[in-house]
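Notes follow the structure.
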Amino acid sequence: MEEVVINSGDTAWMLISTGLVTLMIPGLALFYGGMVRVKSVLNMMMMSFGALAVVFLLWIIVGFSLVFGDSIGSRGLLGDPGQFLFLNGLDNANAAIGSIPAVVFIAFQGIFAAITVALISGSIADRAKFGSWMLFSAIWVTVVYFPVAHWVFAFDDFVAKTGGWIANDLGAIDFAGGTAVHINAGAAGLALAIVLGKRVGWRKEAMRPHSLPLVMLGAALLWFGWFGFNAGSAVGSNGTAGLAVLNTIGATVAALLAWLLVEKIRDGHATSLGAASGVVAGLVAITPACASVNASGALIIGALAGVVCALSVGIKFKLGFDDSLDVVAVHLVGGIVGTLMIGLVGVDVGLFNGGGTDQLVKQLIGVCAVFGYSLVATLIIGYAIEKTIGFRVSREVELEGIDLKSHAESAYEMYSSSRGGSSL
Amino acid sequence: MKLITAIIKPFKLEDVKEALIAFGITGMTVSEASGFGRQGGHTEVYRGAEYTVDLIPKIRLEVLADDNLAEKVIDVIVKAASTGAIGDGKVWSSPVDNIVRVRTGERGTDAI
């Protein structure tokens with residue numbers, strides 16, 4: 001084995017990035033939690049925290065090996081679960097991956113898996129049994145995320161000799177997870193919204209966000225954490241990480257403005273929820289592309305994502321699925337926009353930036369493969385849970401509030417005798 | 001004795017309260033209420049989805065007054081609460097049989 005040199009600068013940045021991506025979990029919990037009604041904010045936040053716990057546990061046991069172990073039969077579909085079972089040989093201070101300690105890379109990548117699962121929860125707000133959600137998290141991350149992350153993130157000769165088919169054989173570019181994280185979670189969100197069905201009163205009664213300041217705070221924390229997510233994917237403290245940081249700001253402000261512009265023209269008002277949504281749409285879209293576009297490319301991707309995602313929110317009303325917090329419109333659509341745009345504006349590879357159509361076709365194949373696999377597999381997992389232990393809470397629980405009925409808690413002490421329930 | 005009940009716009013509460021104190025009334029009860037009249041509700045837009053909110057926030061203000069002052073109190077409230085726009089609210093009075101001051105046990109007009 002060749003001698004490995006640990007670079008302290010790279011290691012420092014990756015340690016920080018690990019902290020940053022971990023902050024995205026409470027960021028997402030606040031972003032989602034603020035958007036639901038008062039009676040289900042705790043359940044919404046618990047789905048993010050719960051996913052983190054379940055997923056990271058599995059990550060240590062077998063997940064890392066399934067993603068970054070040698071590809072079984074060199075087919076690029078799934079890593080060898082036995083190779084790094086319980087992080088065999090890697091969970092010490094001396095092992096290295098690239099120029100950083102293996103343990104740092106493992107921790108960083110483990111949070112990616114957790115965030116991806118947590119993102120899905122937005123499509124099933126107010127109505128999922130918590131235990132079923134935890135079981136779903138465990139099954140989904142194992143059956144869907146680990147294989148897909150192997151396809152996309154496992155490069156040959158980085159952790160193991162042979163990696164995944166999208167990264168190596170196809171050559172589609174996905175720097176930080178436009179396909180593996182966002183299209184994957186978005187397709188799963190669509191599937192679960194179909195499996196669980198519409199909330200009681202959907203489209204008939206107002207289901208207003210109970211706290212827009214929480215939504216704004218969540219979006220801000222997500223943005224902050226996303227610097228670790230995108231720039232940390234450089235796995236080094238270098239110019240690529242710097243480019244990712246710049247583009248992560250550029251695309252995001254462009255998307256924020258674009259979403260507000262759509263609202264102003266269509267509805268007459270620029271809203272805070274629109275600004276927060278634009279931020280996340282921009283962050284999603286630039287995720288795969290942040291290291292392969294220049295600054296103007298990032299602005300184009302962000303602006304396009306802001307417009308397309310804002311308009312995509314209407315899809316669920318047309319097709320009639322209750323994707324409660326718009327996981328499809330923001331993560332699926334935003335992920336597709338960012339992934340495909342690499343084929344148009346990517347430096348040296350994009351159709352409009354010195355390349356031909358080759359890269360665009362590769363990107364499209366990557367998008368379709370991840371979308372198709374995630375949608376079908378999630379439908380199967382979702383219906384299997386629904387038909388056995390049940391996935392959806394009873395009508396009574398849903399109407400009275402999942403916080404009180406499932407968790408025996410309520411989010412806020414209300415100092416009002418007329419609002420029912422709480423004592424002074 | 002009369003109970004005068006006023007439903008007013010929340011931001012008009014300060015004006016009405018000051019006008020009533022200037023007039024000389026010595027007590028009132030205020031509570032948050034919601035409802036609609038001819039104004040109807042309003043619409044809010046979240047991610048492009050319009051929600052009609054039927055019940056809009058109002059303030060319910062209650063004042064007890066002697067019979068000979070009741071009409072004047074109503075006038076004071078109406079004048080202070082008016083903006084001229086739809087949704088200004090309503091004021092009505094109803095007869096009161098008896099009033100008791102809890103601390104002293106005083107009854108009738110003495111308890112106002």
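Naming works like this for the structure tokens: A, B, ... for the chains as they're shown, residue 1 at the start of each chain, ligands 1 onward in shown order.
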- For chain A against chain B, which residues fall within 10 Å using only C-alpha atoms, given as number ranges by chain? A: 35, 203-209, 259, 262-263, 266-275, 277, 310-311, 313-314, 317, 325-326, 416, 418
Can you spit out the residues from that selection as a compact mmCIF listing (two decimals), in the first residue's frame, using C-alpha atoms?
# COMPACT_ATOMS: atom_id res chain seq x y z
CA MET A 35 -44.37 25.25 7.32
CA ARG A 203 -57.49 21.92 -0.74
CA LYS A 204 -60.67 22.55 1.29
CA GLU A 205 -59.29 24.10 4.44
CA ALA A 206 -56.36 26.43 4.93
CA MET A 207 -53.15 24.59 5.84
CA ARG A 208 -51.10 27.64 6.47
CA PRO A 209 -47.47 27.64 7.66
CA TRP A 259 -38.90 32.90 -7.16
CA VAL A 262 -42.63 34.76 -10.29
CA GLU A 263 -44.74 35.48 -7.21
CA ARG A 266 -48.40 35.89 -10.75
CA ASP A 267 -49.84 36.68 -7.29
CA GLY A 268 -49.00 40.33 -6.82
CA HIS A 269 -46.91 39.85 -3.67
CA ALA A 270 -43.35 38.81 -2.94
CA THR A 271 -43.59 36.53 0.11
CA SER A 272 -41.16 35.42 2.80
CA LEU A 273 -42.10 31.79 2.14
CA GLY A 274 -41.21 32.41 -1.50
CA ALA A 275 -37.82 33.82 -0.53
CA SER A 277 -38.24 28.44 -0.95
CA ALA A 310 -41.85 28.08 -8.23
CA LEU A 311 -44.04 27.09 -11.16
CA VAL A 313 -45.49 23.80 -7.03
CA GLY A 314 -48.72 23.80 -9.07
CA PHE A 317 -52.73 20.48 -7.53
CA LEU A 325 -44.15 20.77 1.70
CA ASP A 326 -43.22 20.53 -2.00
CA SER A 416 -55.20 31.94 26.14
CA SER A 418 -60.21 30.75 24.63
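Across the model, the gap from atom CA of A:Phe68 to atom CA of A:Ala160 is 6.5 Å.
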- Message: I need the residues in chain B that are strand (DSSP E) according to DSSP; give them as a count of residues only.
- Response: 41
Which polymer residues have any atom within 10 Å of an atom of B:Thr109, counting only C-alpha atoms, with same-chain residues fewer than 3 positions away left out, as a tab-separated table (two decimals) with N, CA, C and O atoms, in the first residue's frame?
chain	number	residue	atom	x	y	z
B	1	MET	N	-79.72	49.70	33.27
B	1	MET	CA	-78.30	49.49	32.96
B	1	MET	C	-78.16	48.75	31.64
B	1	MET	O	-79.01	47.94	31.29
B	64	LEU	N	-70.01	48.41	30.64
B	64	LEU	CA	-71.29	48.56	31.33
B	64	LEU	C	-71.55	50.05	31.54
B	64	LEU	O	-70.64	50.81	31.87
B	65	ALA	N	-72.81	50.46	31.33
B	65	ALA	CA	-73.12	51.88	31.50
B	65	ALA	C	-74.54	52.06	32.04
B	65	ALA	O	-75.41	51.20	31.83
B	66	ASP	N	-74.75	53.14	32.69
B	66	ASP	CA	-76.08	53.49	33.16
B	66	ASP	C	-76.94	53.82	31.94
B	66	ASP	O	-76.42	54.22	30.90
B	67	ASP	N	-78.28	53.65	32.10
B	67	ASP	CA	-79.17	53.83	30.96
B	67	ASP	C	-79.00	55.19	30.28
B	67	ASP	O	-78.96	55.29	29.07
B	98	ASN	N	-78.86	42.99	36.51
B	98	ASN	CA	-78.21	43.31	37.78
B	98	ASN	C	-76.69	43.27	37.59
B	98	ASN	O	-76.19	42.61	36.68
B	99	ILE	N	-75.99	43.96	38.45
B	99	ILE	CA	-74.53	43.97	38.43
B	99	ILE	C	-74.08	43.88	39.89
B	99	ILE	O	-74.66	44.54	40.75
B	100	VAL	N	-73.08	43.06	40.16
B	100	VAL	CA	-72.55	42.96	41.52
B	100	VAL	C	-71.05	43.19	41.48
B	100	VAL	O	-70.34	42.59	40.66
B	106	GLU	N	-71.55	45.51	46.36
B	106	GLU	CA	-72.46	46.55	45.87
B	106	GLU	C	-73.26	46.02	44.69
B	106	GLU	O	-72.76	45.21	43.91
B	112	ILE	N	-71.33	49.73	38.82
B	112	ILE	CA	-70.78	50.00	37.48
B	112	ILE	C	-69.37	50.56	37.60
B	112	ILE	O	-69.12	51.47	38.36
- Message: Can you pull out the residues contacting A:Asn184? Cut-off 8 Å, using only C-alpha atoms, and skip same-chain residues under 2 positions away; I want them as a PyMOL selection string.
- Response: chain A and resi 116+145+179-182+186-188+332+370-371+374
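Look at B:Arg60: the protein and nucleic acid residues within 10 Å of it, using only C-alpha atoms and passing over chain neighbours fewer than 5 places away, are Thr5, Ala6, Ile7, Ile8, Lys9, Pro10, Leu13, Thr29, Val30, Ser31, Glu32, Ala33, Ser34, Gly89, Lys90 and Val91 of chain B.
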- Looking only at the backbone, which of the residues in stretch 153-235 of chain A does DSSP tag as alpha helix (DSSP H), as number ranges by chain? A: 153, 165, 184-196, 212-231
Suppose we keep C-alpha atoms; can you now write the selection as a compact mmCIF listing (two decimals), in the first residue's frame?
# COMPACT_ATOMS: atom_id res chain seq x y z
CA PHE A 153 -20.26 8.95 -5.30
CA TRP A 165 -21.55 2.95 -12.74
CA ASN A 184 -33.48 10.57 -5.11
CA ALA A 185 -35.31 12.22 -2.18
CA GLY A 186 -37.70 14.06 -4.50
CA ALA A 187 -38.77 10.89 -6.29
CA ALA A 188 -39.19 9.13 -2.94
CA GLY A 189 -41.25 12.07 -1.67
CA LEU A 190 -43.53 11.76 -4.69
CA ALA A 191 -43.93 8.03 -4.08
CA LEU A 192 -44.76 8.44 -0.38
CA ALA A 193 -47.25 11.24 -1.05
CA ILE A 194 -49.03 8.78 -3.35
CA VAL A 195 -48.83 5.90 -0.84
CA LEU A 196 -50.10 7.90 2.15
CA LEU A 212 -42.74 31.79 8.77
CA PRO A 213 -39.87 33.11 10.94
CA LEU A 214 -39.00 29.46 11.70
CA VAL A 215 -39.08 28.74 7.97
CA MET A 216 -36.73 31.67 7.31
CA LEU A 217 -34.40 30.59 10.11
CA GLY A 218 -34.41 27.03 8.79
CA ALA A 219 -33.60 28.22 5.26
CA ALA A 220 -30.75 30.33 6.62
CA LEU A 221 -29.29 27.40 8.58
CA LEU A 222 -29.64 25.16 5.54
CA TRP A 223 -27.77 27.71 3.45
CA PHE A 224 -25.00 27.94 6.03
CA GLY A 225 -24.75 24.17 6.30
CA TRP A 226 -24.83 23.80 2.53
CA PHE A 227 -21.35 25.33 2.31
CA GLY A 228 -20.15 22.16 4.01
CA PHE A 229 -22.35 20.04 1.79
CA ASN A 230 -21.13 21.52 -1.50
CA ALA A 231 -17.63 22.80 -0.76
- In Å, with one decimal, what is the gap from atom CA of A:Ala138 to atom CA of A:Gly98? 28.9 Å
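Excluding A:Leu304 and any residue on its chain fewer than 4 positions from it, the residues at most 8 Å away by only C-alpha atoms are Ala255, Ala258, Ile300, Val308 and Val337 of chain A.
For B:Phe11, the non-local neighbours within 12 Å, defined as residues at least 2 positions apart in the same chain or in other chains and counting only C-alpha atoms, are B:Ile7, B:Ile8, B:Lys9, B:Leu13, B:Glu14, B:Asp15, B:Val16, B:Lys17, B:Glu32, B:Pro57, B:Lys58, B:Ile59, B:Ala80, B:Ala81, B:Ser82, B:Thr83, B:Asp88.
With atom CA of A:Ile380 on one side and atom CA of A:Val62 on the other, the separation reads 22.2 Å.
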